[in-house]
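The block underneath contains the structure these notes are about, expressed in structure tokens.
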Amino acid sequence: MNKNQTEDESKKKTSLNFIEQLIEKNISEGKNEGRVHTRFPPEPNGYLHIGHAKSICLNFGLANRYNGLTNLRFDDTNPVKEDVEYVDSIMNDVKWLGFDWEDRLYYASDYFDQLFEWAVKIIKAGKAYIDDQSADEISAQRGTPSKPGMESPFRNRSIEENLDLFQRMKNGEFPDGARVLRAKVDMASPNMQLRDPAMYRIKHAHHHRTGDKWCIYPMYDFAHGQSDFIEGITNSICTLEFEVHRPLYDWYLDQIVEGNYRPVQTEFARLNLTYTVMSKRKLLQLVEEKLVNGWDDPRMPTITGLRRRGYTPESIRNFADTIGVAKRDNVIDVALLEHSVKEDLNKKANRVMAVLDPIKLIITNYPEGKVEELDATNNPEDESAGKRTMYFSRELLIERDDFMENPPGKFFRLTPGKEVRLRYAYVIKCTEVIKNNAGEITEIHCTYDQETKSGTGIPLNRKVKGTIHWLSALHAIPAEIRLYDRLFINENPDITDEGKDFKSNLNPDSLKVVNGFVEPVLADAFHESKYQFERNGYFCVDLDSSPEKLVFNRTVALRDSWAKMNK
RNA sequence: UGUCCGAUGGUGUAACUGGCAACACGUCUGAUUUUGGUUCAGAAGAGUCCAGGUUCGAGCCCUGGUCGGACAACCA
């Protein structure tokens, strides 16, 4: 047994993902003096989502493991798509996740001067040229993956002319799209990325940082590896779709690198989640078409949405850890993400009782006007969370579906003639059901057994099959409770019947607003507190609730239990 | 029709330089329990895409296929 344990532990230590293996190999070979320096390089054109979280945890985690550093770099080379709103939100989200780039905050736009110089150098080396053709013409000449491209008529311009034209592009002499700087690589390459890719394009657009200083902007490929190089990055980790770009990444580096140091690009598979769309374009569409209430809508897979939904940074980091990193395409069941937050909240969340859909319950043998104070444990798994006081009285509220007049098969809760325990209070027995003219249940009458008070230590001489939650009608605090479900009905929302787009898979019932009641302690609940409501899942106080209006968001419905209960 | 990448229980990730395919989640049983939660104990579930080859021995190496993905923005 003991032997197995130590074996497992040593196995865990040596169980490295493929990037860690690469890093250890590099370290053992003394590459880059054994330094490990990564970067997280988002384009500020949208909010970060759970897929980015995977990348953030990977990059910062790797650096942490090998005593390295991680930079935050905004890849802001396309001014028309980018905005400061996004850079602010990205910084917040990375911080919230618990990572610190310290003083290493960079922008690709910081390097525009250097990039321009390097472009000139490459022109001077005869490895780049100005093409006067339109985007359409260039595209037509590019060929197809199976057919080689044709060379541009401008490919063999003189270096002097190229230099002059490039300078004039920079000076703003030409309109958008009039000319483009292209790398002279190989129009017949089987790798499309190498067929004379664009390096610089003209965009007379205001940049969120450089303002109107520039009217030409470098392409991703010409900016990224160079930025890595400038920052001393050793491991440039990106997603699989950039795999075919790697030869270009290296080609550009070949043109400028002198000396031994150079960054290496490594690709990993991006995260896919069931019942979730992850593309920024689609998330933007949901926001713009008001199909959700903004980027931080708790139904969104954005970091800020998850945060409002009640996710903790730890739970997201643990999730990233659990799913690992590899090169094959994957689809993770969203239930695993939900599991990670349940696991974390189970340890941290204070338990509190709530009633979403109340029905009045009268304890007929309880004195009118009497109020008892009862002790309730805040967190059975954490003694230090302490206790709170609950008020017990003759008139109570219980959850409507905790009672059934004619229960089918396995029903463990309140039913006529049977006993259940009111959590932290007494065992009660249902004696009568009061209905209105329409036949709807309006009140349930019960008797309580004084001997069964919780916490007295007196052993119960009989078995009670269920424990239900309750609130004193007099003391309950009204609260708005938002029940969020999955945003999409379809396990893979990107796949639709032909002709329809992903929005046809939206779940019409993904948000339900309920006017329920909660315990008095929650009246002074503070922002971002996490609570576990008995039987109804985890809730957190919504960011925009106020003392006048308590709002809760449900984190995770205890689906499995509910499914069983409703069988 | 080209190039590159990938393929291991339901899902994801391991398996060192070839050595009895492991871990987590999920599922199912059972136990505890003042939440049908939690916790605990146990079980089932793959023989590693296919066909050859090398080898005493192949998930791992070689050859050929199959299937899936990426690449034809002046996006990142």
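How things are named: the first chain in the structure tokens is A, the next is B, and so on; residues count from 1 in each chain; ligands count from 1 in the order shown.
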
Please find the residues of chain A near chain B - the criterion being any atom within 8 Å, counting only C-alpha atoms (C1' of nucleotides) - and write them as a PyMOL selection string.
chain A and resi 14-15+43+78+135+139+142-147+177+180+190-193+198+200-202+220+240-241+243-244+322-325+327-333+336+346+412+421+423-424+454+467-468+534-535+561+564-565

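For Gly386 in chain A, the list of residues within 12 Å, based on only C-alpha atoms (C1' of nucleotides) and with local chain neighbours fewer than 4 positions off taken out, reads A:Asn350, A:Arg351, A:Asp375, A:Ala376, A:Thr377, A:Asn378, A:Asn379, A:Pro380, A:Glu381, A:Asp382.
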
Save the residues we just selected, all heavy atoms, as a short mmCIF file (atom, residue, chain, number, x, y, z; two decimals), in the first residue's frame?
```
data_model
loop_
_atom_site.label_atom_id
_atom_site.label_comp_id
_atom_site.auth_asym_id
_atom_site.auth_seq_id
_atom_site.Cartn_x
_atom_site.Cartn_y
_atom_site.Cartn_z
N ASN A 350 -20.76 29.00 2.49
CA ASN A 350 -21.63 28.88 3.65
C ASN A 350 -22.99 28.35 3.21
O ASN A 350 -23.53 28.78 2.21
CB ASN A 350 -21.83 30.24 4.31
CG ASN A 350 -20.64 30.63 5.16
OD1 ASN A 350 -19.73 29.82 5.36
ND2 ASN A 350 -20.65 31.84 5.66
N ARG A 351 -23.53 27.45 4.02
CA ARG A 351 -24.85 26.91 3.71
C ARG A 351 -25.90 27.85 4.26
O ARG A 351 -25.78 28.34 5.38
CB ARG A 351 -25.01 25.53 4.35
CG ARG A 351 -24.49 24.39 3.52
CD ARG A 351 -23.02 24.50 3.25
NE ARG A 351 -22.47 23.20 2.87
CZ ARG A 351 -21.23 23.03 2.51
NH1 ARG A 351 -20.39 24.04 2.46
NH2 ARG A 351 -20.81 21.84 2.18
N ASP A 375 -29.80 27.40 16.37
CA ASP A 375 -28.43 27.46 15.84
C ASP A 375 -28.32 26.67 14.55
O ASP A 375 -28.77 25.54 14.48
CB ASP A 375 -27.46 26.84 16.86
CG ASP A 375 -26.86 27.91 17.74
OD1 ASP A 375 -27.17 29.11 17.50
OD2 ASP A 375 -26.10 27.57 18.66
N ALA A 376 -27.72 27.28 13.57
CA ALA A 376 -27.51 26.57 12.31
C ALA A 376 -26.02 26.64 11.96
O ALA A 376 -25.39 27.68 12.11
CB ALA A 376 -28.34 27.19 11.20
N THR A 377 -25.48 25.54 11.52
CA THR A 377 -24.06 25.47 11.17
C THR A 377 -23.85 26.12 9.80
O THR A 377 -24.54 25.78 8.85
CB THR A 377 -23.60 24.01 11.12
OG1 THR A 377 -23.92 23.40 12.36
CG2 THR A 377 -22.11 23.90 10.85
N ASN A 378 -22.90 27.03 9.72
CA ASN A 378 -22.66 27.69 8.44
C ASN A 378 -22.04 26.77 7.41
O ASN A 378 -22.39 26.78 6.24
CB ASN A 378 -21.78 28.91 8.62
CG ASN A 378 -22.56 30.09 9.19
OD1 ASN A 378 -23.76 30.21 8.94
ND2 ASN A 378 -21.89 30.92 9.95
N ASN A 379 -21.07 26.00 7.85
CA ASN A 379 -20.40 25.11 6.92
C ASN A 379 -19.95 23.85 7.64
O ASN A 379 -18.98 23.88 8.38
CB ASN A 379 -19.21 25.83 6.28
CG ASN A 379 -18.57 24.99 5.19
OD1 ASN A 379 -18.83 23.79 5.08
ND2 ASN A 379 -17.73 25.63 4.38
N PRO A 380 -20.68 22.77 7.44
CA PRO A 380 -20.36 21.52 8.15
C PRO A 380 -18.93 21.05 7.87
O PRO A 380 -18.39 20.25 8.61
CB PRO A 380 -21.36 20.51 7.59
CG PRO A 380 -22.30 21.26 6.73
CD PRO A 380 -21.77 22.63 6.48
N GLU A 381 -18.34 21.54 6.81
CA GLU A 381 -17.00 21.09 6.47
C GLU A 381 -15.93 22.07 6.94
O GLU A 381 -14.74 21.87 6.68
CB GLU A 381 -16.88 20.87 4.96
CG GLU A 381 -17.61 19.60 4.54
CD GLU A 381 -17.95 19.60 3.07
OE1 GLU A 381 -17.00 19.66 2.28
OE2 GLU A 381 -19.15 19.54 2.74
N ASP A 382 -16.38 23.13 7.59
CA ASP A 382 -15.41 24.11 8.06
C ASP A 382 -15.91 24.71 9.37
O ASP A 382 -16.72 25.63 9.39
CB ASP A 382 -15.21 25.20 7.00
CG ASP A 382 -14.20 26.25 7.45
OD1 ASP A 382 -13.58 26.06 8.51
OD2 ASP A 382 -14.06 27.26 6.73
#
```

Can you list, as a list of chain:residue names, every protein, DNA or RNA residue that comes within 10 Å of Ile19 in chain A when you count only C-alpha atoms (C1' of nucleotides), leaving out same-chain residues fewer than 3 positions away?
A:Leu16, A:Leu22, A:Ile23, A:Glu24, A:Lys25, A:Leu58, A:Leu62, A:Asn235, A:Ile237, A:Thr266, A:Glu267, A:Phe268, A:Val325, A:Ala326

As a CSV table (one decimal) with N, CA and C atoms, in the first residue's frame, list the residues of range 322-474 of chain A assigned to strand (DSSP E or B) by DSSP on the backbone atoms of this structure.
```
chain,number,residue,atom,x,y,z
A,332,ILE,N,-14.4,18.9,-24.0
A,332,ILE,CA,-14.6,18.6,-22.6
A,332,ILE,C,-16.0,18.8,-22.2
A,350,ASN,N,-20.8,29.0,2.5
A,350,ASN,CA,-21.6,28.9,3.7
A,350,ASN,C,-23.0,28.3,3.2
A,351,ARG,N,-23.5,27.4,4.0
A,351,ARG,CA,-24.9,26.9,3.7
A,351,ARG,C,-25.9,27.8,4.3
A,352,VAL,N,-26.9,28.0,3.5
A,352,VAL,CA,-28.0,28.9,3.9
A,352,VAL,C,-29.3,28.4,3.3
A,354,ALA,N,-33.0,28.7,1.6
A,354,ALA,CA,-33.8,29.6,0.7
A,354,ALA,C,-35.0,28.9,0.2
A,355,VAL,N,-36.0,29.7,-0.1
A,355,VAL,CA,-37.2,29.1,-0.7
A,355,VAL,C,-37.5,29.8,-2.0
A,358,PRO,N,-42.5,29.5,-2.7
A,358,PRO,CA,-42.9,29.2,-1.3
A,358,PRO,C,-44.4,28.7,-1.2
A,359,ILE,N,-44.6,27.9,-0.2
A,359,ILE,CA,-45.9,27.5,0.2
A,359,ILE,C,-46.0,27.6,1.7
A,360,LYS,N,-47.1,28.0,2.2
A,360,LYS,CA,-47.2,28.3,3.6
A,360,LYS,C,-47.4,27.0,4.4
A,361,LEU,N,-46.6,26.8,5.5
A,361,LEU,CA,-46.8,25.6,6.3
A,361,LEU,C,-47.0,26.1,7.8
A,362,ILE,N,-48.1,25.6,8.3
A,362,ILE,CA,-48.5,26.0,9.7
A,362,ILE,C,-48.3,24.9,10.7
A,363,ILE,N,-47.6,25.2,11.7
A,363,ILE,CA,-47.4,24.2,12.8
A,363,ILE,C,-48.5,24.4,13.8
A,372,GLU,N,-38.6,31.2,18.3
A,372,GLU,CA,-37.4,30.5,18.9
A,372,GLU,C,-36.2,30.8,18.1
A,373,GLU,N,-35.1,30.9,18.7
A,373,GLU,CA,-33.8,31.1,18.0
A,373,GLU,C,-33.1,29.8,18.0
A,374,LEU,N,-32.7,29.4,16.8
A,374,LEU,CA,-32.1,28.1,16.6
A,374,LEU,C,-30.7,28.3,16.0
A,375,ASP,N,-29.8,27.4,16.4
A,375,ASP,CA,-28.4,27.5,15.8
A,375,ASP,C,-28.3,26.7,14.6
A,376,ALA,N,-27.7,27.3,13.6
A,376,ALA,CA,-27.5,26.6,12.3
A,376,ALA,C,-26.0,26.6,12.0
A,377,THR,N,-25.5,25.5,11.5
A,377,THR,CA,-24.1,25.5,11.2
A,377,THR,C,-23.8,26.1,9.8
A,387,LYS,N,-21.5,29.6,13.4
A,387,LYS,CA,-22.9,29.3,13.3
A,387,LYS,C,-23.7,30.6,13.1
A,388,ARG,N,-25.0,30.5,12.8
A,388,ARG,CA,-25.9,31.6,12.6
A,388,ARG,C,-27.2,31.3,13.3
A,389,THR,N,-28.0,32.3,13.5
A,389,THR,CA,-29.2,32.1,14.2
A,389,THR,C,-30.4,32.1,13.2
A,390,MET,N,-31.3,31.1,13.4
A,390,MET,CA,-32.5,31.1,12.5
A,390,MET,C,-33.7,31.2,13.4
A,391,TYR,N,-34.7,31.8,12.9
A,391,TYR,CA,-35.9,32.0,13.7
A,391,TYR,C,-37.0,31.0,13.3
A,392,PHE,N,-37.5,30.4,14.4
A,392,PHE,CA,-38.6,29.4,14.1
A,392,PHE,C,-39.9,29.9,14.7
A,395,GLU,N,-45.7,30.0,11.7
A,395,GLU,CA,-45.9,30.0,10.2
A,395,GLU,C,-44.6,30.0,9.5
A,396,LEU,N,-44.5,29.0,8.7
A,396,LEU,CA,-43.2,28.8,7.9
A,396,LEU,C,-43.5,28.8,6.4
A,397,LEU,N,-42.4,29.0,5.7
A,397,LEU,CA,-42.5,28.8,4.2
A,397,LEU,C,-41.6,27.6,3.9
A,398,ILE,N,-42.1,26.7,3.0
A,398,ILE,CA,-41.2,25.7,2.5
A,398,ILE,C,-41.3,25.7,1.0
A,399,GLU,N,-40.5,25.0,0.4
A,399,GLU,CA,-40.4,24.9,-1.1
A,399,GLU,C,-41.7,24.1,-1.6
A,403,PHE,N,-43.2,19.3,-1.2
A,403,PHE,CA,-44.4,18.6,-0.7
A,403,PHE,C,-45.1,17.9,-1.9
A,414,LEU,N,-41.8,15.9,2.2
A,414,LEU,CA,-43.1,15.9,3.0
A,414,LEU,C,-44.3,15.4,2.1
A,419,GLU,N,-43.6,11.9,8.2
A,419,GLU,CA,-42.7,12.8,8.9
A,419,GLU,C,-41.5,13.2,8.1
A,420,VAL,N,-41.0,14.4,8.3
A,420,VAL,CA,-39.7,14.8,7.8
A,420,VAL,C,-39.1,15.7,8.9
A,421,ARG,N,-37.8,15.9,8.7
A,421,ARG,CA,-37.1,16.9,9.6
A,421,ARG,C,-37.0,18.2,8.9
A,422,LEU,N,-37.3,19.3,9.7
A,422,LEU,CA,-37.0,20.6,9.2
A,422,LEU,C,-35.5,20.8,9.7
A,427,VAL,N,-38.8,17.6,13.9
A,427,VAL,CA,-39.5,16.7,13.1
A,427,VAL,C,-40.9,17.1,13.0
A,428,ILE,N,-41.5,17.2,11.8
A,428,ILE,CA,-42.9,17.5,11.7
A,428,ILE,C,-43.6,16.5,11.0
A,429,LYS,N,-45.0,16.5,11.2
A,429,LYS,CA,-45.8,15.5,10.5
A,429,LYS,C,-47.0,16.3,9.8
A,430,CYS,N,-47.2,15.9,8.6
A,430,CYS,CA,-48.3,16.6,7.8
A,430,CYS,C,-49.6,16.0,8.2
A,431,THR,N,-50.5,16.9,8.7
A,431,THR,CA,-51.8,16.5,9.2
A,431,THR,C,-53.0,16.9,8.2
A,432,GLU,N,-52.8,18.0,7.5
A,432,GLU,CA,-53.9,18.4,6.7
A,432,GLU,C,-53.4,19.3,5.5
A,433,VAL,N,-54.1,19.2,4.4
A,433,VAL,CA,-53.7,20.0,3.2
A,433,VAL,C,-54.9,20.9,2.9
A,434,ILE,N,-54.6,22.2,2.9
A,434,ILE,CA,-55.7,23.2,2.6
A,434,ILE,C,-55.7,23.7,1.2
A,435,LYS,N,-56.8,23.6,0.5
A,435,LYS,CA,-56.8,24.0,-0.9
A,435,LYS,C,-57.8,25.1,-1.1
A,441,ILE,N,-53.2,23.9,-3.7
A,441,ILE,CA,-52.8,23.9,-2.3
A,441,ILE,C,-52.4,25.3,-1.9
A,442,THR,N,-52.9,25.7,-0.8
A,442,THR,CA,-52.6,27.1,-0.3
A,442,THR,C,-51.9,27.0,1.1
A,443,GLU,N,-52.1,26.0,1.8
A,443,GLU,CA,-51.5,25.8,3.1
A,443,GLU,C,-51.3,24.3,3.4
A,444,ILE,N,-50.2,24.1,4.2
A,444,ILE,CA,-50.1,22.7,4.7
A,444,ILE,C,-50.0,22.8,6.2
A,445,HIS,N,-50.8,22.0,6.8
A,445,HIS,CA,-50.8,22.0,8.3
A,445,HIS,C,-50.0,20.8,8.8
A,446,CYS,N,-49.2,21.1,9.8
A,446,CYS,CA,-48.4,20.0,10.4
A,446,CYS,C,-48.4,20.1,11.9
A,447,THR,N,-48.0,19.1,12.5
A,447,THR,CA,-47.7,19.2,14.0
A,447,THR,C,-46.2,18.9,14.1
A,448,TYR,N,-45.6,19.5,15.2
A,448,TYR,CA,-44.2,19.3,15.4
A,448,TYR,C,-44.0,18.5,16.7
A,449,ASP,N,-42.9,17.8,16.8
A,449,ASP,CA,-42.6,17.0,17.9
A,449,ASP,C,-41.5,17.7,18.7
A,467,THR,N,-35.0,15.5,5.0
A,467,THR,CA,-34.8,16.7,5.7
A,467,THR,C,-35.1,17.8,4.7
A,468,ILE,N,-35.9,18.8,5.1
A,468,ILE,CA,-36.2,19.8,4.1
A,468,ILE,C,-35.8,21.2,4.7
A,470,TRP,N,-36.5,25.4,5.1
A,470,TRP,CA,-37.7,26.2,5.5
A,470,TRP,C,-37.2,27.6,6.0
A,471,LEU,N,-38.2,28.5,6.0
A,471,LEU,CA,-37.9,29.8,6.6
A,471,LEU,C,-39.1,30.2,7.4
A,472,SER,N,-38.9,31.0,8.4
A,472,SER,CA,-40.0,31.6,9.2
A,472,SER,C,-40.7,32.7,8.3
```

With a distance cut-off of 12 Å and only C-alpha atoms (C1' of nucleotides), select the neighbouring residues of G53 in chain B, excluding the residue or stretch itself and same-chain residues fewer than 3 positions from it, and output the selection as a VMD selection string.
chain B and resid 58 61 to 64

Using only C-alpha atoms (C1' of nucleotides), determine which residues lie at most 10 Å from U8 in chain B, disregarding the query and same-chain residues fewer than 4 positions distant; provide the list as an NGL selection string.
:B and (13-14 or 21 or 46-48 or 59)

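From CA of Phe174 in chain A back to CA of Pro218 in chain A, the distance works out to 16.1 Å.
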
Using only C-alpha atoms, which of A:Met300, A:Ala223, A:Leu271, A:Val36 sits nearest Asp75 in chain A?
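Using only C-alpha atoms, Asp75 in chain A sits closest to A:Ala223.
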
Taking only range 378-563 of chain A into account, list the residues labelled helix (DSSP H, G or I) by DSSP (computed from the backbone), as a PyMOL selection string.
chain A and resi 383-385+400-402+450-452+502-505+520-524+559-563

Can you write out the residues you just picked, keeping C-alpha atoms, as a compact mmCIF listing (two decimals), in the first residue's frame?
```txt
# COMPACT_ATOMS: atom_id res chain seq x y z
CA GLU A 383 -15.80 24.58 11.79
CA SER A 384 -14.33 28.08 11.64
CA ALA A 385 -17.22 29.30 9.52
CA ARG A 400 -43.53 23.98 -3.06
CA ASP A 401 -42.00 20.90 -4.55
CA ASP A 402 -40.81 19.65 -1.20
CA GLN A 450 -41.02 19.05 20.67
CA GLU A 451 -38.67 16.23 21.64
CA THR A 452 -36.88 16.24 18.33
CA PHE A 502 -25.54 28.64 -34.04
CA LYS A 503 -28.20 30.86 -32.50
CA SER A 504 -30.87 28.37 -33.46
CA ASN A 505 -29.42 26.24 -30.68
CA PRO A 520 -32.25 37.13 7.37
CA VAL A 521 -28.46 36.80 7.53
CA LEU A 522 -28.35 37.43 3.83
CA ALA A 523 -29.87 40.87 4.20
CA ASP A 524 -26.39 42.18 4.78
CA ARG A 559 -28.67 18.44 -11.73
CA ASP A 560 -28.00 14.85 -10.77
CA SER A 561 -29.85 15.10 -7.49
CA TRP A 562 -32.73 16.85 -9.13
CA ALA A 563 -32.95 14.26 -11.81
```

Which one of B:A51, B:C20, B:C28, B:C40 sits closest to G65 in chain B if you count only C-alpha atoms (C1' of nucleotides)?
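That would be B:A51, the residue with the smallest distance to G65 in chain B.
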
Counting only C-alpha atoms, which of A:Val80, A:Val87, A:Ala183, A:Leu97 gets nearest to Lys127 in chain A?
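Under the stated criterion, the closest residue is A:Ala183.
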